[in-house]
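A quick write-up on the structure given underneath.
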Amino acid sequence: MLDGKKILVTGVLNDDSIAFGVAKLAQEQGAEVLLTSFGRAMSLTRRTSRRLSPEPDVLELDVNDPAHLEALTAELTARWGRVDGVLHAVAFAPGRALGGNFLHTEWDDVALTIHTSTFSLKALAVATLPLLQAAGGGAIVGLDFDASQAWPAYDWMGVAKAALESTARYLARDLGAHGIRVNLVSAGPLRSVAARGIPGFDQMEGAWAGRSPLGWDTRDTGPVAKACVALLSDWFPATTGEIVHVDGGFHAIAAPGSGAPPPE
């Protein structure tokens with residue numbers, strides 16, 4: 001599906017990461033992959049990259065640092081000259097912005113959450129725009145979590161995800177003329193490093209057990225990775241501004257046990 005394509009993947013920490021699943025499957029589908037990381041996470045990402053074949057290089061990128069974004073554009077231009085697809089798998093919220101502290105979270109913590117988790121999608125799109133244009137168009141795919149309702153303890157990250165969904169739609173509007181598609185994959189809860197850092201994650205995880213008609217395995221990133229790779233491929237040439245739910249059908253069901261009994 002991605003034969004000959006050059007794909008930039010952010011957000012790989014360990015092999016439980018959704019981004020790792022995407023990078024692995026993208027390689028299996030013929031893509032050449034580069035990873036990004038920064039700071040103390042760089043060593044972890046480099047260690048994890050050895051589990052991929054061939055082992056991809058890891059570029060330093062702090063999505064909140066304009067100098068890093070400029071350096072990314074220059075590095076990708078020198079290495080590849082084009083980019084066919086980008087996975088945005090970056091999100092962060094300080095502990096004070098999570099865990100039921102919504103009414104008392106200060107603006108500085110909210111700003112950092114939105115800057116890292118939302119504005120970074122626009123920043124990454126702008127940084128890779130010349131490379132995507134050089135490819136004649138391409139795809140940007142971001143990772144989402146259902147922002148249509150309030151979740152226990154998710155607090156300002158939930159607000160950031162709602163803003164991410166709106167940002168993706170505006171990017172789809174402005175980048176469509178360049179042949180660039182922008183879509184999100186709204187995943188059910190997965191036991192990644194990032195998810196385990198969210199207070200109350202067990203409550204969200206537990207909610208999926210009896211409500212998803214297809215069931216949901218919180219340790220299997222495969223279904224989400226497949227959706228991301230499909231959207232990065234040429235198989236969705238007229239789809240943009242979309243949110244694809246990969247959550248076992250949870251989002252479509254009002255309450256547990258509301259389905260019809262199975263046929264005899």
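Residues are named by chain letter and number: chains run A, B, ... in the order of the structure tokens, numbers start at 1 in each chain, and ligands are numbered from 1 in the order shown.
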DSSP-assigned strand (DSSP E) among segment 86-262 of chain A, expressed as a PyMOL selection string: chain A and resi 86-88+138-144+180-187+243-246
Okay, now the selection with N, CA and C atoms, as a PDB file, in the first residue's frame?
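Produced file again36.pdb, reproduced below:
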ATOM      1  N   VAL A  86       2.715  11.966   6.674  1.00  0.00           N
ATOM      2  CA  VAL A  86       3.159  12.373   8.008  1.00  0.00           C
ATOM      3  C   VAL A  86       2.183  11.824   9.038  1.00  0.00           C
ATOM      4  N   LEU A  87       2.705  11.194  10.080  1.00  0.00           N
ATOM      5  CA  LEU A  87       1.881  10.788  11.211  1.00  0.00           C
ATOM      6  C   LEU A  87       2.139  11.730  12.376  1.00  0.00           C
ATOM      7  N   HIS A  88       1.096  12.405  12.837  1.00  0.00           N
ATOM      8  CA  HIS A  88       1.175  13.264  14.014  1.00  0.00           C
ATOM      9  C   HIS A  88       0.687  12.444  15.203  1.00  0.00           C
ATOM     10  N   GLY A 138      -0.112  14.512  -0.694  1.00  0.00           N
ATOM     11  CA  GLY A 138       0.136  13.419   0.239  1.00  0.00           C
ATOM     12  C   GLY A 138      -0.890  13.432   1.353  1.00  0.00           C
ATOM     13  N   ALA A 139      -0.509  12.842   2.486  1.00  0.00           N
ATOM     14  CA  ALA A 139      -1.462  12.676   3.579  1.00  0.00           C
ATOM     15  C   ALA A 139      -0.832  13.019   4.917  1.00  0.00           C
ATOM     16  N   ILE A 140      -1.603  13.714   5.737  1.00  0.00           N
ATOM     17  CA  ILE A 140      -1.258  13.934   7.139  1.00  0.00           C
ATOM     18  C   ILE A 140      -2.325  13.231   7.960  1.00  0.00           C
ATOM     19  N   VAL A 141      -1.887  12.385   8.876  1.00  0.00           N
ATOM     20  CA  VAL A 141      -2.805  11.638   9.730  1.00  0.00           C
ATOM     21  C   VAL A 141      -2.447  11.921  11.183  1.00  0.00           C
ATOM     22  N   GLY A 142      -3.443  12.276  11.991  1.00  0.00           N
ATOM     23  CA  GLY A 142      -3.218  12.541  13.404  1.00  0.00           C
ATOM     24  C   GLY A 142      -3.990  11.558  14.270  1.00  0.00           C
ATOM     25  N   LEU A 143      -3.479  11.320  15.475  1.00  0.00           N
ATOM     26  CA  LEU A 143      -4.148  10.436  16.427  1.00  0.00           C
ATOM     27  C   LEU A 143      -5.048  11.242  17.348  1.00  0.00           C
ATOM     28  N   ASP A 144      -6.261  10.756  17.526  1.00  0.00           N
ATOM     29  CA  ASP A 144      -7.297  11.472  18.258  1.00  0.00           C
ATOM     30  C   ASP A 144      -7.896  10.548  19.315  1.00  0.00           C
ATOM     31  N   ILE A 180      -3.186  17.710  -0.560  1.00  0.00           N
ATOM     32  CA  ILE A 180      -2.817  17.135   0.740  1.00  0.00           C
ATOM     33  C   ILE A 180      -4.092  16.862   1.536  1.00  0.00           C
ATOM     34  N   ARG A 181      -4.224  15.610   1.970  1.00  0.00           N
ATOM     35  CA  ARG A 181      -5.368  15.189   2.774  1.00  0.00           C
ATOM     36  C   ARG A 181      -4.979  15.218   4.255  1.00  0.00           C
ATOM     37  N   VAL A 182      -5.913  15.644   5.096  1.00  0.00           N
ATOM     38  CA  VAL A 182      -5.677  15.714   6.541  1.00  0.00           C
ATOM     39  C   VAL A 182      -6.820  14.994   7.249  1.00  0.00           C
ATOM     40  N   ASN A 183      -6.504  13.905   7.928  1.00  0.00           N
ATOM     41  CA  ASN A 183      -7.513  13.109   8.604  1.00  0.00           C
ATOM     42  C   ASN A 183      -7.021  12.695   9.985  1.00  0.00           C
ATOM     43  N   LEU A 184      -7.962  12.362  10.843  1.00  0.00           N
ATOM     44  CA  LEU A 184      -7.648  11.885  12.184  1.00  0.00           C
ATOM     45  C   LEU A 184      -8.181  10.472  12.368  1.00  0.00           C
ATOM     46  N   VAL A 185      -7.495   9.706  13.203  1.00  0.00           N
ATOM     47  CA  VAL A 185      -7.979   8.395  13.614  1.00  0.00           C
ATOM     48  C   VAL A 185      -8.290   8.478  15.105  1.00  0.00           C
ATOM     49  N   SER A 186      -9.557   8.325  15.445  1.00  0.00           N
ATOM     50  CA  SER A 186      -9.991   8.379  16.832  1.00  0.00           C
ATOM     51  C   SER A 186      -9.955   6.964  17.397  1.00  0.00           C
ATOM     52  N   ALA A 187      -8.950   6.705  18.213  1.00  0.00           N
ATOM     53  CA  ALA A 187      -8.709   5.355  18.712  1.00  0.00           C
ATOM     54  C   ALA A 187      -9.371   5.135  20.059  1.00  0.00           C
ATOM     55  N   ILE A 243     -12.772  12.138  10.578  1.00  0.00           N
ATOM     56  CA  ILE A 243     -12.359  11.448  11.798  1.00  0.00           C
ATOM     57  C   ILE A 243     -12.807  10.002  11.660  1.00  0.00           C
ATOM     58  N   VAL A 244     -11.857   9.105  11.533  1.00  0.00           N
ATOM     59  CA  VAL A 244     -12.155   7.674  11.412  1.00  0.00           C
ATOM     60  C   VAL A 244     -12.068   7.047  12.798  1.00  0.00           C
ATOM     61  N   HIS A 245     -13.172   6.497  13.265  1.00  0.00           N
ATOM     62  CA  HIS A 245     -13.203   5.873  14.586  1.00  0.00           C
ATOM     63  C   HIS A 245     -12.722   4.423  14.501  1.00  0.00           C
ATOM     64  N   VAL A 246     -11.718   4.122  15.289  1.00  0.00           N
ATOM     65  CA  VAL A 246     -11.238   2.745  15.423  1.00  0.00           C
ATOM     66  C   VAL A 246     -11.310   2.433  16.912  1.00  0.00           C
TER      67      VAL A 246
END
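If you count only C-alpha atoms and ignore residues fewer than 5 places along the chain from Ala150 of chain A, what sits within 12 Å of it is A:Gly100, A:Phe102, A:Phe145, A:Asp155, A:Trp156, A:Met157, A:Gly158, A:Val159, A:Ala160, A:Lys161, A:Ala162, A:Met204.
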Take the selection from the previous step and output its residues with N, CA and C atoms, as a PDB file, in the first residue's frame.
ATOM      1  N   GLY A 100      -9.047  15.513  37.178  1.00  0.00           N
ATOM      2  CA  GLY A 100     -10.133  16.125  37.929  1.00  0.00           C
ATOM      3  C   GLY A 100      -9.836  17.503  38.462  1.00  0.00           C
ATOM      4  N   PHE A 102      -9.855  20.238  36.647  1.00  0.00           N
ATOM      5  CA  PHE A 102     -10.252  21.110  35.542  1.00  0.00           C
ATOM      6  C   PHE A 102     -10.509  22.553  35.989  1.00  0.00           C
ATOM      7  N   PHE A 145      -8.623  11.149  20.255  1.00  0.00           N
ATOM      8  CA  PHE A 145      -9.449  10.404  21.192  1.00  0.00           C
ATOM      9  C   PHE A 145     -10.771  11.155  21.291  1.00  0.00           C
ATOM     10  N   ASP A 155      -9.998  15.944  31.274  1.00  0.00           N
ATOM     11  CA  ASP A 155      -9.906  17.382  31.509  1.00  0.00           C
ATOM     12  C   ASP A 155      -9.387  18.174  30.304  1.00  0.00           C
ATOM     13  N   TRP A 156      -8.285  18.891  30.482  1.00  0.00           N
ATOM     14  CA  TRP A 156      -7.821  19.800  29.431  1.00  0.00           C
ATOM     15  C   TRP A 156      -7.241  19.079  28.225  1.00  0.00           C
ATOM     16  N   MET A 157      -6.870  17.809  28.371  1.00  0.00           N
ATOM     17  CA  MET A 157      -6.486  17.045  27.187  1.00  0.00           C
ATOM     18  C   MET A 157      -7.707  16.804  26.306  1.00  0.00           C
ATOM     19  N   GLY A 158      -8.871  16.624  26.931  1.00  0.00           N
ATOM     20  CA  GLY A 158     -10.097  16.506  26.158  1.00  0.00           C
ATOM     21  C   GLY A 158     -10.390  17.773  25.371  1.00  0.00           C
ATOM     22  N   VAL A 159     -10.156  18.921  25.991  1.00  0.00           N
ATOM     23  CA  VAL A 159     -10.329  20.200  25.294  1.00  0.00           C
ATOM     24  C   VAL A 159      -9.340  20.298  24.135  1.00  0.00           C
ATOM     25  N   ALA A 160      -8.100  19.882  24.379  1.00  0.00           N
ATOM     26  CA  ALA A 160      -7.079  19.925  23.332  1.00  0.00           C
ATOM     27  C   ALA A 160      -7.452  19.021  22.165  1.00  0.00           C
ATOM     28  N   LYS A 161      -8.037  17.854  22.460  1.00  0.00           N
ATOM     29  CA  LYS A 161      -8.438  16.946  21.381  1.00  0.00           C
ATOM     30  C   LYS A 161      -9.603  17.528  20.580  1.00  0.00           C
ATOM     31  N   ALA A 162     -10.530  18.201  21.269  1.00  0.00           N
ATOM     32  CA  ALA A 162     -11.613  18.867  20.537  1.00  0.00           C
ATOM     33  C   ALA A 162     -11.051  19.928  19.595  1.00  0.00           C
ATOM     34  N   MET A 204     -11.775   4.945  31.820  1.00  0.00           N
ATOM     35  CA  MET A 204     -12.073   4.993  30.394  1.00  0.00           C
ATOM     36  C   MET A 204     -11.941   3.614  29.773  1.00  0.00           C
TER      37      MET A 204
END
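Nearest residue to Ala255 of chain A, choosing from A:Trp208, A:Trp107, A:Phe92, A:Phe20 and counting only C-alpha atoms: A:Trp208.
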Which residues are close to Ile7 of chain A, i.e. within 9 Å by only C-alpha atoms, leaving aside same-chain residues fewer than 3 positions away? Reply as a ChimeraX atom specification. /A:2,23,26,31-35,83-87,232
Contact residues around segment 216-224 of chain A with only C-alpha atoms at 7 Å, ignoring same-chain residues under 6 positions, as a list in words: Ile18, Gly21, Ala187, Pro189, Leu190, Arg191, Trp208, Ala209, Val246, Asp247 and Gly248 of chain A
